[in-house]
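Okay, upload.txt now, which holds compact mmCIF, C-alpha atoms:
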```txt
# COMPACT_ATOMS: atom_id res chain seq x y z
CA MET A 5 -31.75 30.32 -13.13
CA SER A 6 -32.17 28.71 -9.74
CA LEU A 7 -31.30 25.32 -8.34
CA THR A 8 -32.80 23.99 -5.11
CA ILE A 9 -31.31 20.90 -3.49
CA TYR A 10 -33.42 18.99 -0.96
CA GLY A 11 -31.51 16.91 1.56
CA ILE A 12 -28.61 17.02 4.00
CA PRO A 13 -24.89 16.29 3.64
CA GLN A 14 -25.13 13.23 5.93
CA SER A 15 -27.03 11.33 3.24
CA ARG A 16 -26.80 10.53 -0.46
CA THR A 17 -27.37 14.26 -0.97
CA ILE A 18 -23.61 14.70 -0.40
CA ARG A 19 -23.10 13.42 -3.93
CA VAL A 20 -25.06 16.32 -5.40
CA LEU A 21 -23.60 18.88 -3.00
CA TRP A 22 -20.07 17.73 -3.91
CA LEU A 23 -20.81 18.17 -7.60
CA VAL A 24 -22.27 21.66 -7.29
CA LYS A 25 -19.24 22.71 -5.25
CA GLU A 26 -16.94 21.30 -7.96
CA LEU A 27 -18.89 23.18 -10.64
CA GLY A 28 -19.30 26.40 -8.66
CA ILE A 29 -23.08 26.40 -9.11
CA ASP A 30 -25.20 28.66 -6.93
CA TYR A 31 -27.98 26.79 -5.19
CA LYS A 32 -30.51 26.96 -2.39
CA SER A 33 -30.39 24.22 0.22
CA VAL A 34 -33.54 22.85 1.85
CA PRO A 35 -32.50 20.54 4.71
CA ILE A 36 -34.74 17.50 4.71
CA THR A 37 -33.93 14.08 6.14
CA ASN A 38 -35.29 10.64 5.34
CA THR A 39 -36.48 10.42 8.94
CA GLY A 40 -37.90 13.93 9.20
CA GLY A 41 -39.62 15.67 6.36
CA SER A 42 -39.20 13.40 3.37
CA ARG A 43 -42.67 11.92 3.95
CA GLU A 44 -44.37 15.27 4.47
CA PRO A 45 -47.01 16.14 1.83
CA ASP A 46 -45.06 19.13 0.47
CA PHE A 47 -41.95 17.05 -0.16
CA MET A 48 -43.94 14.08 -1.52
CA LYS A 49 -45.06 16.44 -4.31
CA ILE A 50 -41.39 16.86 -5.20
CA ASN A 51 -40.39 13.21 -4.82
CA PRO A 52 -43.32 10.80 -4.43
CA ASN A 53 -40.78 8.12 -3.44
CA GLY A 54 -40.22 10.07 -0.23
CA HIS A 55 -36.41 9.98 -0.39
CA ILE A 56 -33.61 12.52 -0.59
CA PRO A 57 -31.93 13.98 -2.50
CA ALA A 58 -34.15 15.74 -4.96
CA ILE A 59 -33.65 18.91 -6.94
CA ASP A 60 -35.74 21.61 -8.52
CA ASP A 61 -33.72 23.11 -11.36
CA ASP A 62 -35.82 25.97 -12.75
CA GLY A 63 -38.92 23.80 -12.58
CA LEU A 64 -37.29 20.51 -13.60
CA ILE A 65 -37.83 18.16 -10.67
CA MET A 66 -35.43 15.23 -10.38
CA CYS A 67 -34.57 12.59 -7.82
CA GLU A 68 -31.90 9.84 -7.63
CA SER A 69 -28.47 11.24 -6.81
CA ILE A 70 -26.52 9.62 -9.65
CA ALA A 71 -29.08 10.71 -12.27
CA ILE A 72 -29.06 14.23 -10.84
CA ASN A 73 -25.28 14.36 -11.06
CA LEU A 74 -25.15 13.09 -14.62
CA TYR A 75 -27.74 15.69 -15.61
CA LEU A 76 -26.01 18.60 -13.85
CA ALA A 77 -22.58 17.64 -15.21
CA LYS A 78 -23.93 17.50 -18.74
CA LYS A 79 -25.88 20.74 -18.36
CA HIS A 80 -23.01 22.74 -16.90
CA GLY A 81 -20.15 21.07 -18.77
CA GLY A 82 -16.69 22.07 -17.73
CA ALA A 83 -13.84 19.83 -16.72
CA LEU A 84 -16.02 17.15 -15.12
CA GLN A 85 -18.00 16.37 -18.26
CA PRO A 86 -16.56 13.65 -20.53
CA LYS A 87 -15.05 15.07 -23.72
CA ASN A 88 -16.38 12.53 -26.24
CA LEU A 89 -19.10 9.92 -26.68
CA ALA A 90 -16.87 6.99 -25.69
CA ASP A 91 -15.92 8.68 -22.42
CA GLU A 92 -19.54 9.62 -21.80
CA GLY A 93 -20.47 5.96 -22.21
CA ARG A 94 -17.77 4.93 -19.74
CA ALA A 95 -18.92 7.61 -17.27
CA LEU A 96 -22.43 6.15 -17.46
CA GLN A 97 -21.04 2.63 -17.08
CA TRP A 98 -19.05 3.44 -13.95
CA SER A 99 -21.85 5.52 -12.45
CA PHE A 100 -24.30 2.64 -12.86
CA TRP A 101 -21.64 0.16 -11.68
CA SER A 102 -21.32 2.10 -8.44
CA VAL A 103 -24.97 1.57 -7.55
CA THR A 104 -25.39 -1.95 -8.92
CA GLU A 105 -22.13 -3.54 -7.74
CA ALA A 106 -20.80 -1.47 -4.83
CA GLU A 107 -23.51 0.50 -3.06
CA GLY A 108 -25.58 -2.41 -1.72
CA PRO A 109 -22.75 -4.33 -0.07
CA ALA A 110 -21.09 -1.11 1.14
CA LEU A 111 -24.36 -0.04 2.77
CA THR A 112 -24.78 -3.45 4.42
CA LEU A 113 -21.30 -3.20 5.94
CA LEU A 114 -21.87 0.39 7.02
CA MET A 115 -25.17 -0.47 8.70
CA LYS A 116 -23.55 -3.41 10.50
CA ARG A 117 -20.81 -1.07 11.72
CA MET A 118 -23.59 1.20 13.05
CA LYS A 119 -24.90 -1.76 15.06
CA ALA A 120 -27.83 -2.69 12.81
CA PRO A 121 -28.99 -6.27 13.44
CA ILE A 122 -27.60 -7.77 10.22
CA PRO A 123 -26.87 -11.52 10.21
CA ASP A 124 -23.23 -12.59 9.88
CA SER A 125 -24.07 -14.47 6.69
CA GLU A 126 -25.20 -11.22 5.04
CA VAL A 127 -22.08 -9.43 6.22
CA GLU A 128 -19.90 -12.21 4.78
CA ALA A 129 -21.76 -12.09 1.45
CA ALA A 130 -21.50 -8.30 1.30
CA THR A 131 -17.79 -8.42 2.11
CA ALA A 132 -17.17 -10.95 -0.67
CA LYS A 133 -19.27 -9.05 -3.23
CA LEU A 134 -17.65 -5.72 -2.42
CA GLY A 135 -14.17 -7.25 -2.51
CA ALA A 136 -14.85 -8.70 -5.97
CA ALA A 137 -16.26 -5.40 -7.21
CA LEU A 138 -13.25 -3.47 -5.95
CA LYS A 139 -10.92 -5.88 -7.76
CA VAL A 140 -12.69 -4.93 -11.00
CA LEU A 141 -12.30 -1.25 -10.20
CA ASP A 142 -8.66 -1.78 -9.24
CA GLY A 143 -7.97 -3.32 -12.64
CA ALA A 144 -9.70 -0.46 -14.43
CA LEU A 145 -7.53 2.06 -12.58
CA ALA A 146 -4.23 0.33 -13.37
CA GLY A 147 -1.82 2.79 -14.95
CA LYS A 148 -4.02 5.86 -14.64
CA ASP A 149 -5.01 8.40 -12.04
CA TYR A 150 -8.74 8.49 -12.80
CA LEU A 151 -11.39 6.32 -14.43
CA LEU A 152 -11.33 8.12 -17.78
CA GLY A 153 -7.60 8.86 -17.78
CA SER A 154 -5.59 11.68 -16.24
CA ALA A 155 -8.44 14.01 -15.22
CA PHE A 156 -11.09 13.83 -12.49
CA THR A 157 -14.58 13.60 -14.05
CA ILE A 158 -18.17 12.94 -13.11
CA ALA A 159 -17.38 9.20 -13.34
CA ASP A 160 -14.88 9.51 -10.50
CA LEU A 161 -17.13 11.73 -8.42
CA ASN A 162 -20.11 9.39 -8.65
CA VAL A 163 -18.13 6.24 -7.87
CA ALA A 164 -16.03 7.83 -5.12
CA ALA A 165 -19.15 9.29 -3.50
CA VAL A 166 -20.62 5.79 -3.20
CA LEU A 167 -17.33 4.32 -1.99
CA SER A 168 -16.88 7.09 0.58
CA TRP A 169 -18.87 4.79 2.88
CA LEU A 170 -15.96 2.34 2.98
CA SER A 171 -13.98 4.30 5.54
CA MET A 172 -17.00 4.62 7.82
CA ALA A 173 -17.63 0.89 7.40
CA LYS A 174 -13.93 0.22 8.24
CA PHE A 175 -13.55 -1.78 5.02
CA ASP A 176 -9.92 -2.58 4.25
CA THR A 177 -9.03 -1.66 0.65
CA SER A 178 -5.33 -2.57 0.91
CA ALA A 179 -5.81 -5.55 -1.43
CA CYS A 180 -6.72 -2.99 -4.13
CA PRO A 181 -3.87 -0.44 -4.07
CA ASN A 182 -5.07 1.40 -7.18
CA VAL A 183 -8.48 1.90 -5.58
CA THR A 184 -6.93 3.05 -2.31
CA ALA A 185 -4.76 5.67 -4.04
CA TRP A 186 -7.56 6.82 -6.35
CA LEU A 187 -10.08 7.07 -3.53
CA GLY A 188 -7.63 9.16 -1.53
CA ARG A 189 -7.23 11.56 -4.47
CA CYS A 190 -10.98 11.83 -4.97
CA LEU A 191 -12.03 12.16 -1.34
CA GLY A 192 -9.28 14.68 -0.67
CA ARG A 193 -10.75 17.25 -3.04
CA PRO A 194 -11.55 20.65 -1.50
CA ALA A 195 -15.04 20.67 -3.05
CA LEU A 196 -16.00 17.59 -1.04
CA ALA A 197 -14.78 19.19 2.18
CA ALA A 198 -16.83 22.29 1.33
CA ALA A 199 -19.91 20.16 0.61
CA ARG A 200 -19.62 18.44 3.97
CA GLY A 201 -19.61 21.87 5.60
```
Mind converting the file's structure to structure tokens?
Amino acid sequence: MSLTIYGIPQSRTIRVLWLVKELGIDYKSVPITNTGGSREPDFMKINPNGHIPAIDDDGLIMCESIAINLYLAKKHGGALQPKNLADEGRALQWSFWSVTEAEGPALTLLMKRMKAPIPDSEVEAATAKLGAALKVLDGALAGKDYLLGSAFTIADLNVAAVLSWLSMAKFDTSACPNVTAWLGRCLGRPALAAARG
């Protein structure tokens, strides 16, 4: 068995690297960036979209970080995999929620923080959308440590990986104390530190 991960930690690839560190999976890393290498013919054969991350898992080629993580968590099982169908459904729900409700506005705010020429109206809209999304997440976390209960799972990893941009974007989460505490627990995990290198 061999797993190859294409990408670098300073990209969405961190989501996959975090997961493999949590699971203790051996892998080969091929450092490719979206600005250098992802449009080269050899990589375009792996991901015709020309984006990282991508994986080659014993001949199974996959792209899209959240899909990769859901696949690897299910394949390798362990503590991160939901224990029943209802929890699996909720893990899918929160994973998709992270990219449909939170990732877009978080990325807008991060890019503005990095001096991208984004109009103030877009920043205001992104701030409002992200604030509303985090209120939903805050309610879901009320009375529990993690999204599916008392244990950290793939649902938490996927959502926290997306929301890890909030600190870089200097987004204030104090209005959502459950999110703030939960995000601290998730982002403080040793596997994430190891993935970042």
Next on the checklist: Please determine, counting only C-alpha atoms, which residue among A:Thr8, A:Ser69, A:Ser154, A:Ser168 has the shortest atom-to-atom distance to Ala110 of chain A.
Outcome noted: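 Residue with the minimum atom-to-atom distance to Ala110 of chain A: A:Ser168.
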Next on the checklist: Could you list, as a list in words, every residue within 10 Å of segment 183-187 of chain A, counting only C-alpha atoms and ignoring same-chain residues fewer than 4 positions away?
Outcome noted: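 Within the cut-off, the hits are Leu138, Lys139, Val140, Leu141, Asp142, Gly143, Ala144, Leu145, Ala146, Lys148, Asp149, Tyr150, Leu151, Phe156, Asp160, Leu161, Val163, Ala164, Ala165, Leu167, Ser168, Leu170, Asp176, Thr177, Ser178, Ala179, Leu191 and Gly192 of chain A.
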Quick one: write out the picked residues with C-alpha atoms as a short mmCIF file (atom, residue, chain, number, x, y, z; two decimals), in the coordinates of the input?
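Wrote out_24.cif, looks like this:
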```cif
data_model
loop_
_atom_site.label_atom_id
_atom_site.label_comp_id
_atom_site.auth_asym_id
_atom_site.auth_seq_id
_atom_site.Cartn_x
_atom_site.Cartn_y
_atom_site.Cartn_z
CA LEU A 138 -13.25 -3.47 -5.95
CA LYS A 139 -10.92 -5.88 -7.76
CA VAL A 140 -12.69 -4.93 -11.00
CA LEU A 141 -12.30 -1.25 -10.20
CA ASP A 142 -8.66 -1.78 -9.24
CA GLY A 143 -7.97 -3.32 -12.64
CA ALA A 144 -9.70 -0.46 -14.43
CA LEU A 145 -7.53 2.06 -12.58
CA ALA A 146 -4.23 0.33 -13.37
CA LYS A 148 -4.02 5.86 -14.64
CA ASP A 149 -5.01 8.40 -12.04
CA TYR A 150 -8.74 8.49 -12.80
CA LEU A 151 -11.39 6.32 -14.43
CA PHE A 156 -11.09 13.83 -12.49
CA ASP A 160 -14.88 9.51 -10.50
CA LEU A 161 -17.13 11.73 -8.42
CA VAL A 163 -18.13 6.24 -7.87
CA ALA A 164 -16.03 7.83 -5.12
CA ALA A 165 -19.15 9.29 -3.50
CA LEU A 167 -17.33 4.32 -1.99
CA SER A 168 -16.88 7.09 0.58
CA LEU A 170 -15.96 2.34 2.98
CA ASP A 176 -9.92 -2.58 4.25
CA THR A 177 -9.03 -1.66 0.65
CA SER A 178 -5.33 -2.57 0.91
CA ALA A 179 -5.81 -5.55 -1.43
CA LEU A 191 -12.03 12.16 -1.34
CA GLY A 192 -9.28 14.68 -0.67
#
```
Checklist entry - Could you pull the residues within 9 Å of Glu26 of chain A, counting only C-alpha atoms, minus those fewer than 4 positions along the same chain, as a ChimeraX atom specification? => result /A:21-22,84,193-196
Could you save those same residues with C-alpha atoms as a PDB file, in the frame of the given file?
```
ATOM      1  CA  LEU A  21     -23.600  18.880  -3.000  1.00  0.00           C
ATOM      2  CA  TRP A  22     -20.070  17.730  -3.910  1.00  0.00           C
ATOM      3  CA  LEU A  84     -16.020  17.150 -15.120  1.00  0.00           C
ATOM      4  CA  ARG A 193     -10.750  17.250  -3.040  1.00  0.00           C
ATOM      5  CA  PRO A 194     -11.550  20.650  -1.500  1.00  0.00           C
ATOM      6  CA  ALA A 195     -15.040  20.670  -3.050  1.00  0.00           C
ATOM      7  CA  LEU A 196     -16.000  17.590  -1.040  1.00  0.00           C
TER       8      LEU A 196
END
```
Next on the checklist: So that I can see what lies close to segment 41-45 of chain A, please list as JSON, numbers by chain the residues with an atom at most 12 Å from it, counting all atoms listed in the file and leaving out residues fewer than 2 positions away in the same chain.
Outcome noted: {"A": [10, 11, 12, 34, 35, 36, 37, 38, 39, 47, 48, 49, 50, 51, 52, 53, 54, 55, 56, 57, 58]}
Checklist entry - Quick one: of A:Arg200, A:Lys119, A:Lys174, A:Arg94, who's nearest to Thr131 of chain A, counting only C-alpha atoms? => result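 Residue with the minimum atom-to-atom distance to Thr131 of chain A: A:Lys174.
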